[in-house]
Each structure stands twice: as C-alpha cells, then as structure tokens.
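The next block is model-v4.cif, given as mmCIF, C-alpha atoms.
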```cif
data_data
#
loop_
_atom_site.label_atom_id
_atom_site.label_comp_id
_atom_site.auth_asym_id
_atom_site.auth_seq_id
_atom_site.Cartn_x
_atom_site.Cartn_y
_atom_site.Cartn_z
CA PRO A 1 4.24 -11.35 -4.00
CA LEU A 2 7.81 -10.19 -4.63
CA SER A 3 9.36 -11.87 -1.61
CA ILE A 4 10.26 -15.21 -3.18
CA TYR A 5 13.53 -16.98 -2.44
CA PHE A 6 15.43 -17.70 -5.66
CA PRO A 7 18.60 -19.72 -5.13
CA ASN A 8 19.16 -19.50 -8.89
CA SER A 9 21.25 -16.37 -9.43
CA GLN A 10 19.69 -15.46 -12.77
CA LEU A 11 16.13 -15.62 -11.49
CA LYS A 12 17.11 -13.70 -8.38
CA ALA A 13 18.67 -10.95 -10.51
CA ILE A 14 15.37 -10.59 -12.37
CA MET A 15 13.59 -10.55 -9.03
CA LYS A 16 15.80 -7.80 -7.66
CA SER A 17 15.40 -5.71 -10.76
CA THR A 18 11.61 -5.93 -10.53
CA THR A 19 11.68 -5.00 -6.86
CA ALA A 20 13.92 -2.02 -7.57
CA ILE A 21 11.43 -0.72 -10.13
CA VAL A 22 8.58 -1.05 -7.62
CA LEU A 23 10.65 0.79 -5.04
CA PHE A 24 11.49 3.52 -7.52
CA MET A 25 7.81 4.05 -8.32
CA SER A 26 7.02 4.15 -4.59
CA CYS A 27 9.59 6.91 -4.13
CA LEU A 28 7.77 9.00 -6.71
CA ASN A 29 4.36 8.38 -5.23
CA ALA A 30 4.34 11.49 -3.06
CA SER A 31 5.55 15.00 -3.72
CA SER A 32 7.58 14.92 -0.51
CA GLY A 33 9.41 11.86 -1.77
CA PHE A 34 8.01 9.64 0.93
CA VAL A 35 4.88 7.55 1.20
CA ASN A 36 3.46 8.57 4.53
CA HIS A 37 1.85 5.79 6.49
CA HIS A 38 -0.10 7.47 9.25
CA ALA A 39 -0.93 5.66 12.44
CA PRO A 40 -4.36 4.00 12.39
CA THR A 41 -7.14 6.32 13.49
CA PRO A 42 -7.82 5.46 17.12
CA LEU A 43 -11.12 3.70 17.72
CA THR A 44 -13.49 5.92 19.67
CA ARG A 45 -16.66 3.82 19.75
CA THR A 46 -18.22 3.69 23.21
CA PHE A 47 -20.48 1.19 24.92
CA VAL A 48 -23.35 1.69 27.30
CA ALA A 49 -21.69 -0.27 30.09
CA THR A 50 -18.58 1.92 30.12
CA PRO A 51 -18.35 5.69 30.45
CA ALA A 52 -17.55 7.04 26.99
CA LYS A 53 -14.74 9.33 28.10
CA ALA A 54 -12.91 6.60 30.02
CA LEU A 55 -13.14 4.10 27.15
CA THR A 56 -12.00 6.64 24.57
CA THR A 57 -9.01 7.59 26.71
CA ARG A 58 -7.93 3.95 27.09
CA LEU A 59 -8.26 3.22 23.37
CA HIS A 60 -6.27 6.31 22.43
CA ALA A 61 -3.52 5.31 24.86
CA ALA A 62 -3.38 1.75 23.46
CA SER A 63 -3.17 3.04 19.91
CA GLU A 64 -0.36 5.44 20.80
CA ALA A 65 1.57 2.65 22.55
CA ASP A 66 1.24 0.34 19.52
CA THR A 67 2.43 3.12 17.23
CA GLU A 68 5.43 3.90 19.46
CA ASN A 69 6.41 0.22 19.64
CA GLY A 70 6.15 -0.07 15.87
CA ILE A 71 8.34 2.97 15.27
CA GLU A 72 10.91 1.76 17.81
CA SER A 73 11.09 -1.57 15.98
CA ILE A 74 11.59 0.20 12.64
CA HIS A 75 14.30 2.36 14.20
CA ARG A 76 16.14 -0.72 15.52
CA GLY A 77 16.07 -2.29 12.08
CA ALA A 78 17.17 0.97 10.49
CA ASP A 79 20.10 1.27 12.91
CA ALA A 80 21.31 -2.24 12.06
CA THR A 81 21.08 -1.63 8.31
CA PHE A 82 22.74 1.77 8.71
CA ALA A 83 25.68 0.18 10.55
CA ILE A 84 26.16 -2.35 7.75
CA ILE A 85 26.12 0.26 4.97
CA ASP A 86 28.39 2.66 6.90
CA VAL A 87 31.58 0.81 5.93
CA ASP A 88 33.95 3.52 7.19
CA GLY A 89 32.17 3.77 10.55
CA SER A 90 31.88 7.55 10.31
CA GLY A 91 28.31 7.68 11.59
CA THR A 92 26.95 9.04 8.30
CA LEU A 93 26.26 7.45 4.92
CA SER A 94 27.95 8.95 1.89
CA ARG A 95 26.45 8.73 -1.57
CA GLU A 96 29.30 6.39 -2.50
CA GLU A 97 28.55 4.02 0.40
CA LEU A 98 24.85 3.81 -0.42
CA THR A 99 25.57 3.41 -4.14
CA LYS A 100 28.08 0.61 -3.54
CA HIS A 101 25.71 -1.25 -1.24
CA LEU A 102 22.54 -0.91 -3.32
CA SER A 103 24.29 -1.59 -6.63
CA VAL A 104 25.13 -5.05 -5.35
CA ALA A 105 21.45 -5.51 -4.48
CA GLY A 106 20.49 -4.77 -8.09
CA TYR A 107 19.40 -1.11 -8.00
CA ASN A 108 20.26 1.20 -10.89
CA ILE A 109 22.02 4.51 -10.31
CA GLU A 110 18.90 6.60 -10.94
CA THR A 111 16.97 4.73 -8.26
CA ILE A 112 19.85 4.95 -5.79
CA ASP A 113 20.13 8.71 -6.34
CA LYS A 114 16.39 9.11 -5.77
CA ILE A 115 16.59 7.21 -2.48
CA PHE A 116 19.66 9.13 -1.34
CA ASN A 117 18.21 12.54 -2.21
CA LYS A 118 14.95 11.83 -0.42
CA MET A 119 16.66 10.54 2.72
CA ASP A 120 19.15 13.41 2.81
CA VAL A 121 16.64 15.81 4.32
CA ASN A 122 19.01 18.68 5.13
CA LYS A 123 20.80 18.35 1.74
CA ASP A 124 24.33 18.18 3.17
CA ASN A 125 25.18 15.30 0.81
CA GLU A 126 25.25 12.67 3.53
CA ILE A 127 22.60 10.69 5.39
CA SER A 128 22.67 10.83 9.18
CA ARG A 129 21.32 8.03 11.35
CA PRO A 130 18.17 10.03 12.29
CA GLU A 131 17.57 10.79 8.60
CA PHE A 132 17.90 7.09 7.78
CA GLN A 133 15.51 6.18 10.59
CA ARG A 134 13.01 8.75 9.32
CA GLY A 135 13.23 7.41 5.80
CA MET A 136 12.59 3.84 6.91
CA VAL A 137 9.56 4.95 8.91
CA LEU A 138 8.00 7.07 6.17
CA LEU A 139 8.82 4.92 3.15
CA ALA A 140 7.34 1.50 3.84
CA ALA A 141 8.66 0.01 0.57
CA LEU A 142 12.22 0.21 1.90
CA ARG A 143 11.40 -2.04 4.84
CA THR A 144 10.97 -5.08 2.59
CA ALA A 145 13.40 -4.07 -0.16
CA PRO A 146 16.58 -5.98 -1.09
CA GLY A 147 19.64 -4.76 0.79
CA LEU A 148 17.60 -2.52 3.06
CA GLY A 149 14.72 -4.33 4.71
CA ASN A 150 13.47 -7.78 5.66
CA TYR A 151 13.70 -9.05 2.07
CA ASN A 152 12.86 -12.78 1.72
CA GLY A 153 12.63 -12.85 5.50
CA GLU A 154 9.87 -15.48 5.44
CA PHE A 155 12.30 -18.14 4.19
CA VAL A 156 13.57 -18.86 7.67
CA LYS A 157 14.86 -22.39 7.05
CA GLU A 158 17.07 -21.43 4.12
CA ILE A 159 18.35 -18.27 5.78
CA CYS A 160 19.14 -20.14 9.01
CA GLU A 161 21.22 -22.64 7.02
CA ASP A 162 23.22 -19.78 5.55
CA ALA A 163 23.49 -18.08 8.94
CA ASP A 164 24.82 -21.25 10.56
CA GLN A 165 27.49 -21.63 7.89
CA VAL A 166 28.66 -18.03 8.33
CA PHE A 167 28.55 -18.43 12.10
CA GLN A 168 30.67 -21.58 11.97
CA SER A 169 33.18 -19.83 9.74
CA ALA A 170 33.41 -16.82 12.07
CA ASP A 171 33.53 -18.82 15.34
CA ALA A 172 37.26 -19.47 15.09
CA ASP A 173 37.68 -21.19 18.46
CA GLY A 174 34.51 -23.24 18.07
CA ASN A 175 33.07 -22.32 21.47
CA GLY A 176 29.60 -21.58 20.09
CA GLU A 177 29.92 -17.78 20.34
CA ILE A 178 31.45 -15.02 18.25
CA ASP A 179 33.41 -12.34 20.05
CA LEU A 180 34.38 -8.96 18.62
CA GLN A 181 37.84 -10.07 17.53
CA GLU A 182 36.42 -13.09 15.71
CA LEU A 183 33.94 -10.92 13.84
CA ARG A 184 36.71 -8.47 12.97
CA SER A 185 38.87 -11.32 11.67
CA HIS A 186 36.02 -12.88 9.69
CA ILE A 187 34.92 -9.65 8.02
CA GLY A 188 38.51 -8.50 7.58
CA ARG A 189 39.44 -11.68 5.68
CA SER A 190 36.75 -11.34 3.03
CA PHE A 191 35.43 -7.80 3.36
CA ALA A 192 38.48 -5.62 3.82
CA ASN A 193 36.63 -2.39 3.02
CA TYR A 194 35.06 -2.32 6.52
CA SER A 195 36.86 -0.19 9.10
CA GLU A 196 37.31 -1.46 12.65
CA SER A 197 34.80 1.07 13.97
CA ALA A 198 32.28 -0.08 11.35
CA ILE A 199 32.70 -3.71 12.42
CA ASP A 200 32.32 -2.63 16.06
CA ASN A 201 29.02 -0.96 15.15
CA ILE A 202 27.79 -4.09 13.36
CA PHE A 203 28.79 -6.23 16.35
CA ARG A 204 26.77 -4.06 18.72
CA GLN A 205 23.69 -4.37 16.52
CA ILE A 206 23.88 -8.18 16.41
CA ASP A 207 24.80 -8.59 20.10
CA VAL A 208 21.29 -7.82 21.26
CA ASP A 209 21.79 -8.60 24.96
CA GLY A 210 25.05 -6.62 25.06
CA ASP A 211 27.05 -9.35 26.82
CA GLY A 212 30.06 -9.00 24.50
CA THR A 213 29.45 -12.15 22.46
CA ILE A 214 27.12 -13.13 19.63
CA THR A 215 25.25 -16.39 20.10
CA LYS A 216 24.05 -18.55 17.22
CA GLU A 217 20.48 -17.50 17.99
CA GLU A 218 21.38 -13.79 17.87
CA PHE A 219 23.22 -14.29 14.59
CA ARG A 220 20.33 -16.24 13.06
CA ASP A 221 17.86 -13.60 14.16
CA ALA A 222 19.92 -10.82 12.58
CA PHE A 223 20.38 -12.79 9.36
CA CYS A 224 16.61 -13.28 9.06
CA LYS A 225 15.77 -9.66 9.86
CA TYR A 226 18.41 -7.80 7.86
CA SER A 227 18.96 -8.55 4.19
CA ALA A 228 21.76 -5.96 4.34
CA LEU A 229 23.71 -8.29 6.65
CA ARG A 230 23.16 -11.28 4.38
CA GLN A 231 24.33 -9.22 1.43
CA ALA A 232 27.37 -7.87 3.28
CA ILE A 233 28.73 -11.15 4.68
CA GLY A 234 26.47 -13.77 3.08
CA GLU A 235 27.66 -17.28 2.45
CA GLY A 236 26.03 -20.67 2.43
CA PRO A 237 24.22 -23.13 0.15
CA ASN A 238 21.25 -20.83 -0.47
CA TYR A 239 23.07 -17.53 -0.84
CA LYS A 240 23.47 -16.03 -4.31
#
```
Please lay out the structure from this file as structure tokens.
Amino acid sequence: PLSIYFPNSQLKAIMKSTTAIVLFMSCLNASSGFVNHHAPTPLTRTFVATPAKALTTRLHAASEADTENGIESIHRGADATFAIIDVDGSGTLSREELTKHLSVAGYNIETIDKIFNKMDVNKDNEISRPEFQRGMVLLAALRTAPGLGNYNGEFVKEICEDADQVFQSADADGNGEIDLQELRSHIGRSFANYSESAIDNIFRQIDVDGDGTITKEEFRDAFCKYSALRQAIGEGPNYK
C-alpha cells in the first residue's frame, strides 16, 4: 500500500517519511536487528502412486533451487544498489556515504544509523558488499524501500519515460547505446561526487550482458529495478 507514485514533490515527501517510519519499526522487530524470512518449509506430502522417498527428495530439491534463485536475485539487486551508494568506489560503504544517500530519500539520521549499525556485522564502521547482501536478504523491508529497493517499481510506464530521457541525455553520439565514457561524462557533469571507479562499477551493474555498452532496454530495466539509480541520476517528467 505504500508503493504509490507521487509526481507531486510534497506528497512524495510525506510518502517517503511514512515509509521510513515503517522501515525503522521493521529494523526493531527482531533482537538481532533483522527480520528473518526463512525459506518456505518444503512440502513432504506423498501420494500412493509415487514412492514417498523419491517424491520427498524431488520436492526438497525444488524448494532448495527456488530459494537459491531468490537469494541470487536479491544479491544482484544488492550489488547494484551498493555500487550506486559507494560513490568513492572503495568497495565498502562508509557511514557518511549511506547517510548522504538515504537522507536524500527522506530517512532521518536515527533511522539511517539503525540501518548502518545492523548491516555492519563485524562493527568495523563500514559495510562490506557481503554485509550489504546479507542485510538485503534478511531484512525484507529494505527491498522495497526508497533509495534501496524496488520502490514504486510497479509504475513501469512513468519510470520508463524518465529512463528514456536520462538515456537520451547520456547517449552523446546518439547511436542508441551508452558506452563507459558517455556514462562517465553524464554522471560527471551533474554528479561530480562519483569517482571514476564508482562509475565503472555502476556501468558494470547496468551492462547486464557485459558487451561494453548499455542498451536502452538494459537502462530501462535498471531504472525500474533500482530506486537508488533513479535517485542518483534521476531526471524526467515524472521524477521528483
């Protein structure tokens, strides 16, 4: 019920604030700091026509495969979001980087500190990529939260319009693809805080097929999936 697209900036600010409160309460829901979502209990019902042991084995295997695919998908999303927040390209997230990113998304400092402290498992005052992946797996609220997850991802039409406008702006030579230098130039013009290595990391996350260029389809897909990307380099008639 919270994923509603508000082009009006005032209404969207209220929306983000409400979502941040929900996320904050979710963070406090478990003593470990994470809401654990265990894999569904594998179905073990057997039927007369099939040997019970064989059927149980197959169902367990299917359940494990589904769980592995789900975690891999969460990890891919986490890696893309991590790359966008890691503005210096160091491979770790500092408290300052997370604070800067989530403040823009409407989170208050207390909530940001809670998220950071719970993701920083080894308490070295930085969040590694595996720690970020773990946090996104264990805390489901983050996966649909502003600036972190697939927030407003169901509004494909509006997001695609914004994505196309950003794509057109970044595609300097107009050949229908964005290469690494074009992305560097585009982000460098408006978002000078990103290091070259950080932009390289973002490029790799969007260039899904790894052919060295970003197609319009790849860019649209990333814009729909990652609210962090829309927040970082968002433009367009629907972006606020």
So what do you get for CA of Asp211 in chain A versus CA of Phe82 in chain A, distance-wise? 21.7 Å
Can you tell me how far CA of Gln165 in chain A sits from CA of Ala105 in chain A, in Å to one decimal?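 The value is 21.2 Å.
Taking all atoms listed in the file into account, Ile199 in chain A lies nearest to A:Gln181 out of the set A:Thr111, A:Gln181, A:Thr92, A:Asn117.
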For range 121-124 of chain A, find every residue with an atom within 12 Å (counting only C-alpha atoms), except residues of its own chain fewer than 5 positions away, and show them as a ChimeraX atom specification. /A:32-34,92-95,115-116,129-135
Could you dump the residues just selected with C-alpha atoms as a compact mmCIF listing (two decimals), in the frame of the given file?
```txt
# COMPACT_ATOMS: atom_id res chain seq x y z
CA SER A 32 7.58 14.92 -0.51
CA GLY A 33 9.41 11.86 -1.77
CA PHE A 34 8.01 9.64 0.93
CA THR A 92 26.95 9.04 8.30
CA LEU A 93 26.26 7.45 4.92
CA SER A 94 27.95 8.95 1.89
CA ARG A 95 26.45 8.73 -1.57
CA ILE A 115 16.59 7.21 -2.48
CA PHE A 116 19.66 9.13 -1.34
CA ARG A 129 21.32 8.03 11.35
CA PRO A 130 18.17 10.03 12.29
CA GLU A 131 17.57 10.79 8.60
CA PHE A 132 17.90 7.09 7.78
CA GLN A 133 15.51 6.18 10.59
CA ARG A 134 13.01 8.75 9.32
CA GLY A 135 13.23 7.41 5.80
```
Atom pair CA of Phe203 in chain A / CA of Ile178 in chain A: separation (Å): 9.4 Å
Would you mind telling me which residue in A:Ala198, A:Cys160, A:Ala78, A:Val166 lies nearest to Cys224 in chain A when using all atoms listed in the file? A:Cys160
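With all atoms listed in the file as the atoms that count, the residue of A:Leu102, A:Ala232, A:Val208, A:Met119 with the shortest distance to Leu138 in chain A is A:Met119.
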Selected by the PyMOL selection byres ((chain A and resi 185) around 12) in the shown coordinates: which residues, as an mmCIF file with C-alpha atoms, keeping the file's coordinate frame?
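Resulting contents of result-v2.cif:
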```cif
data_model
loop_
_atom_site.group_PDB
_atom_site.id
_atom_site.type_symbol
_atom_site.label_atom_id
_atom_site.label_comp_id
_atom_site.auth_asym_id
_atom_site.auth_seq_id
_atom_site.Cartn_x
_atom_site.Cartn_y
_atom_site.Cartn_z
ATOM 1 C CA SER A 169 33.180 -19.830 9.740
ATOM 2 C CA ALA A 170 33.410 -16.820 12.070
ATOM 3 C CA ASP A 171 33.530 -18.820 15.340
ATOM 4 C CA ALA A 172 37.260 -19.470 15.090
ATOM 5 C CA ILE A 178 31.450 -15.020 18.250
ATOM 6 C CA ASP A 179 33.410 -12.340 20.050
ATOM 7 C CA LEU A 180 34.380 -8.960 18.620
ATOM 8 C CA GLN A 181 37.840 -10.070 17.530
ATOM 9 C CA GLU A 182 36.420 -13.090 15.710
ATOM 10 C CA LEU A 183 33.940 -10.920 13.840
ATOM 11 C CA ARG A 184 36.710 -8.470 12.970
ATOM 12 C CA HIS A 186 36.020 -12.880 9.690
ATOM 13 C CA ILE A 187 34.920 -9.650 8.020
ATOM 14 C CA GLY A 188 38.510 -8.500 7.580
ATOM 15 C CA ARG A 189 39.440 -11.680 5.680
ATOM 16 C CA SER A 190 36.750 -11.340 3.030
ATOM 17 C CA PHE A 191 35.430 -7.800 3.360
ATOM 18 C CA ALA A 192 38.480 -5.620 3.820
ATOM 19 C CA TYR A 194 35.060 -2.320 6.520
ATOM 20 C CA SER A 195 36.860 -0.190 9.100
ATOM 21 C CA GLU A 196 37.310 -1.460 12.650
ATOM 22 C CA ILE A 199 32.700 -3.710 12.420
ATOM 23 C CA ASP A 200 32.320 -2.630 16.060
#
```
Explicit residues for the PyMOL selection byres ((chain A and resi 156) around 10) (as a PyMOL selection string): chain A and resi 152-155+157-162+220-221+223-225
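Residues surrounding Ile206 in chain A within 10 Å are Ala80, Asn201, Ile202, Phe203, Arg204, Val208, Asp209, Gly210, Thr213, Ile214, Thr215, Glu218, Phe219, Arg220, Asp221, Ala222, Phe223 and Leu229 of chain A [only C-alpha atoms; sequence separation below 2 positions excluded].
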